[in-house]
Amino acid sequence: MLEAFLEERPTTVRIREYMVDEELVLNSLKSQQVAVEKAPYVERAYYLKNYDYLQALEAFRVGSLQVQDVSSMLVGEIADPKPGDYVIDLCAAPGGKALCIADKLKGTGKVDARDLSRTKTDYIRENALRQGFFNVVVREKDASQLDSDSLERADILVADVPCSGLGVIGKKTDIKYKITPAKIQELVGLQRQILEQASTYVKPGGTLIYST
């Protein structure tokens, strides 16, 4: 299992659903000699190989693609937002889950994507603008602190809590030098604190998704 974690993997992307033709995007990628392979579980998920860098791909530059692991895409599938829903995504950077849900809202509703630092929120905002999502609001907020203005407002709440990162150690190999048992215990406490606040933001009958 540890060997599998350390394997180098292809880039996983999601082709946008709203106002984007899947076949045109695939043809654009192939015209740039990108090797494209269908990924499992999610309809518009693909693996990409044989390219120099993402910004060189026209489909990425014009916002037709989002780099996102399949496990992250599945959050959007589970959320299954309805037109007009108000969605809060806590600890949202780099924004994959928030943008996936915004895509499924097809220009309606609102996704309130929050994270702790300006660096992280700028990254979410950059991705949202590149893809043309105007139903995404990005805000700097500490998810561990109660936001009384959000009480019982969300149709869907995604608690995308901080984690050890061990599941993506193949992409971020430096993790194995940083994580310790003490750090994991610290993260557990922070996750619990965020979840306690998050649970108060969901409307009666709404959906809370705990994702890490």
# chains A, B, ... in the order shown; residues from 1 in each chain; ligands from 1
>>> residues_around(residues="segment 153-160 of chain A", least_positions_apart="6", cutoff="9 Å", atoms="only C-alpha atoms", output="ChimeraX atom specification")
/A:75,79,81,85-93,97-98,143,191,194-195,198-212
>>> write_last_selection(atoms="N, CA and C atoms", output="mmCIF file, in the first residue's frame")
data_model
loop_
_atom_site.group_PDB
_atom_site.id
_atom_site.type_symbol
_atom_site.label_atom_id
_atom_site.label_comp_id
_atom_site.auth_asym_id
_atom_site.auth_seq_id
_atom_site.Cartn_x
_atom_site.Cartn_y
_atom_site.Cartn_z
ATOM 1 N N VAL A 75 -17.332 14.397 -4.215
ATOM 2 C CA VAL A 75 -18.050 15.262 -3.279
ATOM 3 C C VAL A 75 -19.153 16.025 -4.025
ATOM 4 N N ALA A 79 -23.054 15.759 -3.263
ATOM 5 C CA ALA A 79 -23.791 16.977 -2.903
ATOM 6 C C ALA A 79 -25.063 17.119 -3.736
ATOM 7 N N PRO A 81 -26.364 19.304 -5.930
ATOM 8 C CA PRO A 81 -27.089 20.543 -5.646
ATOM 9 C C PRO A 81 -28.269 20.764 -6.585
ATOM 10 N N ASP A 85 -29.586 26.562 -4.932
ATOM 11 C CA ASP A 85 -29.052 26.220 -3.615
ATOM 12 C C ASP A 85 -27.958 27.192 -3.175
ATOM 13 N N TYR A 86 -27.904 27.394 -1.861
ATOM 14 C CA TYR A 86 -26.808 28.144 -1.249
ATOM 15 C C TYR A 86 -25.883 27.135 -0.587
ATOM 16 N N VAL A 87 -24.623 27.137 -1.018
ATOM 17 C CA VAL A 87 -23.642 26.141 -0.587
ATOM 18 C C VAL A 87 -22.473 26.847 0.090
ATOM 19 N N ILE A 88 -22.083 26.364 1.259
ATOM 20 C CA ILE A 88 -20.878 26.864 1.931
ATOM 21 C C ILE A 88 -19.812 25.778 1.872
ATOM 22 N N ASP A 89 -18.619 26.151 1.426
ATOM 23 C CA ASP A 89 -17.471 25.239 1.417
ATOM 24 C C ASP A 89 -16.408 25.825 2.338
ATOM 25 N N LEU A 90 -16.177 25.148 3.462
ATOM 26 C CA LEU A 90 -15.178 25.590 4.426
ATOM 27 C C LEU A 90 -13.819 24.974 4.103
ATOM 28 N N CYS A 91 -12.742 25.750 4.302
ATOM 29 C CA CYS A 91 -11.377 25.292 3.970
ATOM 30 C C CYS A 91 -11.333 24.886 2.499
ATOM 31 N N ALA A 92 -11.794 25.778 1.634
ATOM 32 C CA ALA A 92 -12.119 25.427 0.247
ATOM 33 C C ALA A 92 -10.928 25.351 -0.706
ATOM 34 N N ALA A 93 -9.796 25.990 -0.385
ATOM 35 C CA ALA A 93 -8.668 26.017 -1.334
ATOM 36 C C ALA A 93 -8.179 24.595 -1.647
ATOM 37 N N LYS A 97 -13.668 21.395 -5.155
ATOM 38 C CA LYS A 97 -15.011 20.968 -4.759
ATOM 39 C C LYS A 97 -16.018 22.094 -4.948
ATOM 40 N N ALA A 98 -15.639 23.305 -4.531
ATOM 41 C CA ALA A 98 -16.535 24.451 -4.673
ATOM 42 C C ALA A 98 -16.887 24.696 -6.140
ATOM 43 N N ALA A 143 -12.469 28.885 9.700
ATOM 44 C CA ALA A 143 -13.557 27.921 9.848
ATOM 45 C C ALA A 143 -13.693 27.391 11.263
ATOM 46 N N GLN A 191 -10.086 19.472 13.287
ATOM 47 C CA GLN A 191 -11.201 18.960 12.496
ATOM 48 C C GLN A 191 -12.491 18.951 13.307
ATOM 49 N N ILE A 194 -13.839 22.524 13.726
ATOM 50 C CA ILE A 194 -14.464 23.026 12.495
ATOM 51 C C ILE A 194 -15.819 22.367 12.269
ATOM 52 N N LEU A 195 -15.881 21.063 12.499
ATOM 53 C CA LEU A 195 -17.131 20.338 12.282
ATOM 54 C C LEU A 195 -18.232 20.820 13.235
ATOM 55 N N ALA A 198 -19.440 24.017 11.723
ATOM 56 C CA ALA A 198 -20.091 23.761 10.437
ATOM 57 C C ALA A 198 -21.502 23.217 10.608
ATOM 58 N N SER A 199 -21.689 22.382 11.604
ATOM 59 C CA SER A 199 -22.995 21.738 11.792
ATOM 60 C C SER A 199 -24.101 22.740 12.100
ATOM 61 N N THR A 200 -23.727 23.921 12.581
ATOM 62 C CA THR A 200 -24.734 24.940 12.914
ATOM 63 C C THR A 200 -25.147 25.776 11.704
ATOM 64 N N TYR A 201 -24.428 25.643 10.590
ATOM 65 C CA TYR A 201 -24.715 26.466 9.413
ATOM 66 C C TYR A 201 -25.730 25.825 8.469
ATOM 67 N N VAL A 202 -26.070 24.571 8.696
ATOM 68 C CA VAL A 202 -26.926 23.831 7.769
ATOM 69 C C VAL A 202 -28.396 24.049 8.113
ATOM 70 N N LYS A 203 -29.205 24.323 7.106
ATOM 71 C CA LYS A 203 -30.642 24.455 7.297
ATOM 72 C C LYS A 203 -31.227 23.138 7.804
ATOM 73 N N PRO A 204 -32.336 23.173 8.526
ATOM 74 C CA PRO A 204 -33.042 21.929 8.837
ATOM 75 C C PRO A 204 -33.382 21.196 7.530
ATOM 76 N N GLY A 205 -32.997 19.933 7.453
ATOM 77 C CA GLY A 205 -33.213 19.167 6.230
ATOM 78 C C GLY A 205 -32.117 19.327 5.194
ATOM 79 N N GLY A 206 -31.094 20.157 5.507
ATOM 80 C CA GLY A 206 -29.988 20.357 4.584
ATOM 81 C C GLY A 206 -28.980 19.217 4.657
ATOM 82 N N THR A 207 -27.880 19.384 3.927
ATOM 83 C CA THR A 207 -26.860 18.332 3.813
ATOM 84 C C THR A 207 -25.519 18.838 4.307
ATOM 85 N N LEU A 208 -24.884 18.065 5.191
ATOM 86 C CA LEU A 208 -23.530 18.362 5.637
ATOM 87 C C LEU A 208 -22.617 17.242 5.134
ATOM 88 N N ILE A 209 -21.579 17.618 4.391
ATOM 89 C CA ILE A 209 -20.614 16.651 3.859
ATOM 90 C C ILE A 209 -19.268 16.879 4.547
ATOM 91 N N TYR A 210 -18.806 15.873 5.266
ATOM 92 C CA TYR A 210 -17.500 15.920 5.926
ATOM 93 C C TYR A 210 -16.498 15.273 4.973
ATOM 94 N N SER A 211 -15.532 16.071 4.528
ATOM 95 C CA SER A 211 -14.599 15.590 3.506
ATOM 96 C C SER A 211 -13.189 15.956 3.908
ATOM 97 N N THR A 212 -12.269 15.004 3.782
ATOM 98 C CA THR A 212 -10.879 15.278 4.122
ATOM 99 C C THR A 212 -9.952 14.448 3.256
#
>>> atom_distance(atom1="atom CA of Lys141 of chain A", atom2="atom CA of Leu65 of chain A")
27.0 Å
>>> select_by_dssp(residues="segment 92-144 of chain A", states="helix (DSSP H, G or I)", output="list in words")
Gly96, Lys97, Ala98, Leu99, Cys100, Ile101, Ala102, Asp103, Lys104, Leu105, Arg118, Thr119, Lys120, Thr121, Asp122, Tyr123, Ile124, Arg125, Glu126, Asn127, Ala128, Leu129, Arg130 and Gln131 of chain A
>>> select_by_dssp(residues="chain A", states="strand (DSSP E)", output="JSON, numbers by chain")
{"A": [11, 12, 13, 14, 15, 35, 36, 37, 38, 45, 46, 47, 48, 49, 65, 66, 67, 86, 87, 88, 89, 90, 110, 111, 112, 113, 114, 115, 136, 137, 138, 139, 140, 154, 155, 156, 157, 158, 159, 160, 202, 203, 204, 205, 206, 207, 208, 209, 210, 211]}
>>> write_last_selection(atoms="N, CA and C atoms", output="CSV table (one decimal), in the first residue's frame")
chain,number,residue,atom,x,y,z
A,11,THR,N,-2.0,13.5,-14.3
A,11,THR,CA,-2.8,14.6,-13.8
A,11,THR,C,-4.3,14.2,-14.1
A,12,THR,N,-5.1,14.4,-13.1
A,12,THR,CA,-6.5,14.1,-13.2
A,12,THR,C,-7.3,15.4,-13.4
A,13,VAL,N,-8.2,15.5,-14.4
A,13,VAL,CA,-8.9,16.7,-14.6
A,13,VAL,C,-10.4,16.4,-14.7
A,14,ARG,N,-11.2,17.4,-14.5
A,14,ARG,CA,-12.7,17.3,-14.7
A,14,ARG,C,-13.0,18.3,-15.8
A,15,ILE,N,-13.7,17.9,-16.9
A,15,ILE,CA,-14.2,18.8,-17.9
A,15,ILE,C,-15.5,19.4,-17.4
A,35,ALA,N,-1.9,12.8,-24.1
A,35,ALA,CA,-2.5,11.4,-24.0
A,35,ALA,C,-3.7,11.5,-23.0
A,36,VAL,N,-4.8,11.1,-23.4
A,36,VAL,CA,-6.0,11.2,-22.6
A,36,VAL,C,-6.6,9.9,-22.3
A,37,GLU,N,-6.9,9.6,-21.1
A,37,GLU,CA,-7.5,8.3,-20.7
A,37,GLU,C,-8.7,8.6,-19.7
A,38,LYS,N,-9.8,7.9,-19.9
A,38,LYS,CA,-10.9,8.1,-19.1
A,38,LYS,C,-10.6,7.6,-17.6
A,45,ALA,N,-14.4,12.9,-16.0
A,45,ALA,CA,-13.1,12.8,-15.3
A,45,ALA,C,-12.1,12.1,-16.3
A,46,TYR,N,-10.9,12.7,-16.4
A,46,TYR,CA,-9.9,12.1,-17.3
A,46,TYR,C,-8.5,12.2,-16.7
A,47,TYR,N,-7.6,11.3,-17.2
A,47,TYR,CA,-6.2,11.4,-16.8
A,47,TYR,C,-5.5,12.0,-18.0
A,48,LEU,N,-4.5,12.9,-17.8
A,48,LEU,CA,-3.8,13.5,-18.8
A,48,LEU,C,-2.3,13.2,-18.6
A,49,LYS,N,-1.6,12.9,-19.8
A,49,LYS,CA,-0.1,12.6,-19.8
A,49,LYS,C,0.4,13.3,-21.0
A,65,LEU,N,-11.3,23.1,-18.2
A,65,LEU,CA,-10.7,22.0,-17.3
A,65,LEU,C,-10.5,22.5,-15.9
A,66,GLN,N,-10.7,21.6,-15.0
A,66,GLN,CA,-10.2,21.9,-13.6
A,66,GLN,C,-9.4,20.7,-13.2
A,67,VAL,N,-8.2,20.9,-12.7
A,67,VAL,CA,-7.4,19.8,-12.1
A,67,VAL,C,-8.0,19.4,-10.8
A,86,TYR,N,-27.9,27.4,-1.9
A,86,TYR,CA,-26.8,28.1,-1.2
A,86,TYR,C,-25.9,27.1,-0.6
A,87,VAL,N,-24.6,27.1,-1.0
A,87,VAL,CA,-23.6,26.1,-0.6
A,87,VAL,C,-22.5,26.8,0.1
A,88,ILE,N,-22.1,26.4,1.3
A,88,ILE,CA,-20.9,26.9,1.9
A,88,ILE,C,-19.8,25.8,1.9
A,89,ASP,N,-18.6,26.2,1.4
A,89,ASP,CA,-17.5,25.2,1.4
A,89,ASP,C,-16.4,25.8,2.3
A,90,LEU,N,-16.2,25.1,3.5
A,90,LEU,CA,-15.2,25.6,4.4
A,90,LEU,C,-13.8,25.0,4.1
A,110,LYS,N,-25.6,30.0,-5.2
A,110,LYS,CA,-24.4,30.6,-4.8
A,110,LYS,C,-23.5,29.6,-4.0
A,111,VAL,N,-22.2,29.6,-4.3
A,111,VAL,CA,-21.3,28.8,-3.6
A,111,VAL,C,-20.4,29.8,-2.8
A,112,ASP,N,-20.4,29.7,-1.5
A,112,ASP,CA,-19.6,30.6,-0.6
A,112,ASP,C,-18.4,29.8,-0.2
A,113,ALA,N,-17.3,30.1,-0.9
A,113,ALA,CA,-16.0,29.4,-0.7
A,113,ALA,C,-15.1,30.1,0.2
A,114,ARG,N,-14.8,29.5,1.3
A,114,ARG,CA,-14.0,30.2,2.4
A,114,ARG,C,-12.7,29.5,2.7
A,115,ASP,N,-11.7,30.3,3.0
A,115,ASP,CA,-10.5,29.8,3.6
A,115,ASP,C,-9.8,30.8,4.4
A,136,VAL,N,-19.9,32.1,-7.6
A,136,VAL,CA,-19.0,31.7,-6.5
A,136,VAL,C,-18.5,33.0,-5.8
A,137,VAL,N,-18.7,33.0,-4.5
A,137,VAL,CA,-18.2,34.1,-3.7
A,137,VAL,C,-17.0,33.6,-2.8
A,138,VAL,N,-15.9,34.3,-2.8
A,138,VAL,CA,-14.7,33.8,-2.1
A,138,VAL,C,-14.4,34.7,-0.9
A,139,ARG,N,-14.3,34.2,0.3
A,139,ARG,CA,-14.1,35.0,1.5
A,139,ARG,C,-13.0,34.4,2.4
A,140,GLU,N,-12.3,35.3,3.0
A,140,GLU,CA,-11.3,34.9,4.1
A,140,GLU,C,-12.0,34.7,5.4
A,154,ALA,N,-27.3,27.3,5.1
A,154,ALA,CA,-26.8,26.5,3.9
A,154,ALA,C,-27.7,25.4,3.6
A,155,ASP,N,-28.0,25.2,2.3
A,155,ASP,CA,-28.7,24.0,1.8
A,155,ASP,C,-27.7,22.9,1.8
A,156,ILE,N,-26.4,23.2,1.5
A,156,ILE,CA,-25.4,22.2,1.5
A,156,ILE,C,-24.1,22.8,2.2
A,157,LEU,N,-23.5,22.1,3.1
A,157,LEU,CA,-22.3,22.5,3.7
A,157,LEU,C,-21.2,21.5,3.5
A,158,VAL,N,-20.1,21.9,2.9
A,158,VAL,CA,-19.0,21.0,2.7
A,158,VAL,C,-17.9,21.4,3.7
A,159,ALA,N,-17.6,20.5,4.6
A,159,ALA,CA,-16.5,20.7,5.6
A,159,ALA,C,-15.3,20.0,5.1
A,160,ASP,N,-14.5,20.8,4.4
A,160,ASP,CA,-13.3,20.2,3.7
A,160,ASP,C,-12.1,20.4,4.6
A,202,VAL,N,-26.1,24.6,8.7
A,202,VAL,CA,-26.9,23.8,7.8
A,202,VAL,C,-28.4,24.0,8.1
A,203,LYS,N,-29.2,24.3,7.1
A,203,LYS,CA,-30.6,24.5,7.3
A,203,LYS,C,-31.2,23.1,7.8
A,204,PRO,N,-32.3,23.2,8.5
A,204,PRO,CA,-33.0,21.9,8.8
A,204,PRO,C,-33.4,21.2,7.5
A,205,GLY,N,-33.0,19.9,7.5
A,205,GLY,CA,-33.2,19.2,6.2
A,205,GLY,C,-32.1,19.3,5.2
A,206,GLY,N,-31.1,20.2,5.5
A,206,GLY,CA,-30.0,20.4,4.6
A,206,GLY,C,-29.0,19.2,4.7
A,207,THR,N,-27.9,19.4,3.9
A,207,THR,CA,-26.9,18.3,3.8
A,207,THR,C,-25.5,18.8,4.3
A,208,LEU,N,-24.9,18.1,5.2
A,208,LEU,CA,-23.5,18.4,5.6
A,208,LEU,C,-22.6,17.2,5.1
A,209,ILE,N,-21.6,17.6,4.4
A,209,ILE,CA,-20.6,16.7,3.9
A,209,ILE,C,-19.3,16.9,4.5
A,210,TYR,N,-18.8,15.9,5.3
A,210,TYR,CA,-17.5,15.9,5.9
A,210,TYR,C,-16.5,15.3,5.0
A,211,SER,N,-15.5,16.1,4.5
A,211,SER,CA,-14.6,15.6,3.5
A,211,SER,C,-13.2,16.0,3.9
>>> closest_residue(among="A:Gln32, A:Gln193, A:Asn50, A:Ser64", to="Ala128 of chain A", atoms="only C-alpha atoms")
A:Ser64
>>> atom_distance(atom1="atom CA of Glu23 of chain A", atom2="atom CA of Phe134 of chain A")
24.4 Å
>>> closest_residue(among="A:Ala182, A:Met19, A:Val161, A:Leu57", to="Phe133 of chain A", atoms="only C-alpha atoms")
A:Met19
>>> atom_distance(atom1="atom CA of Val62 of chain A", atom2="atom CA of Ser117 of chain A")
26.4 Å
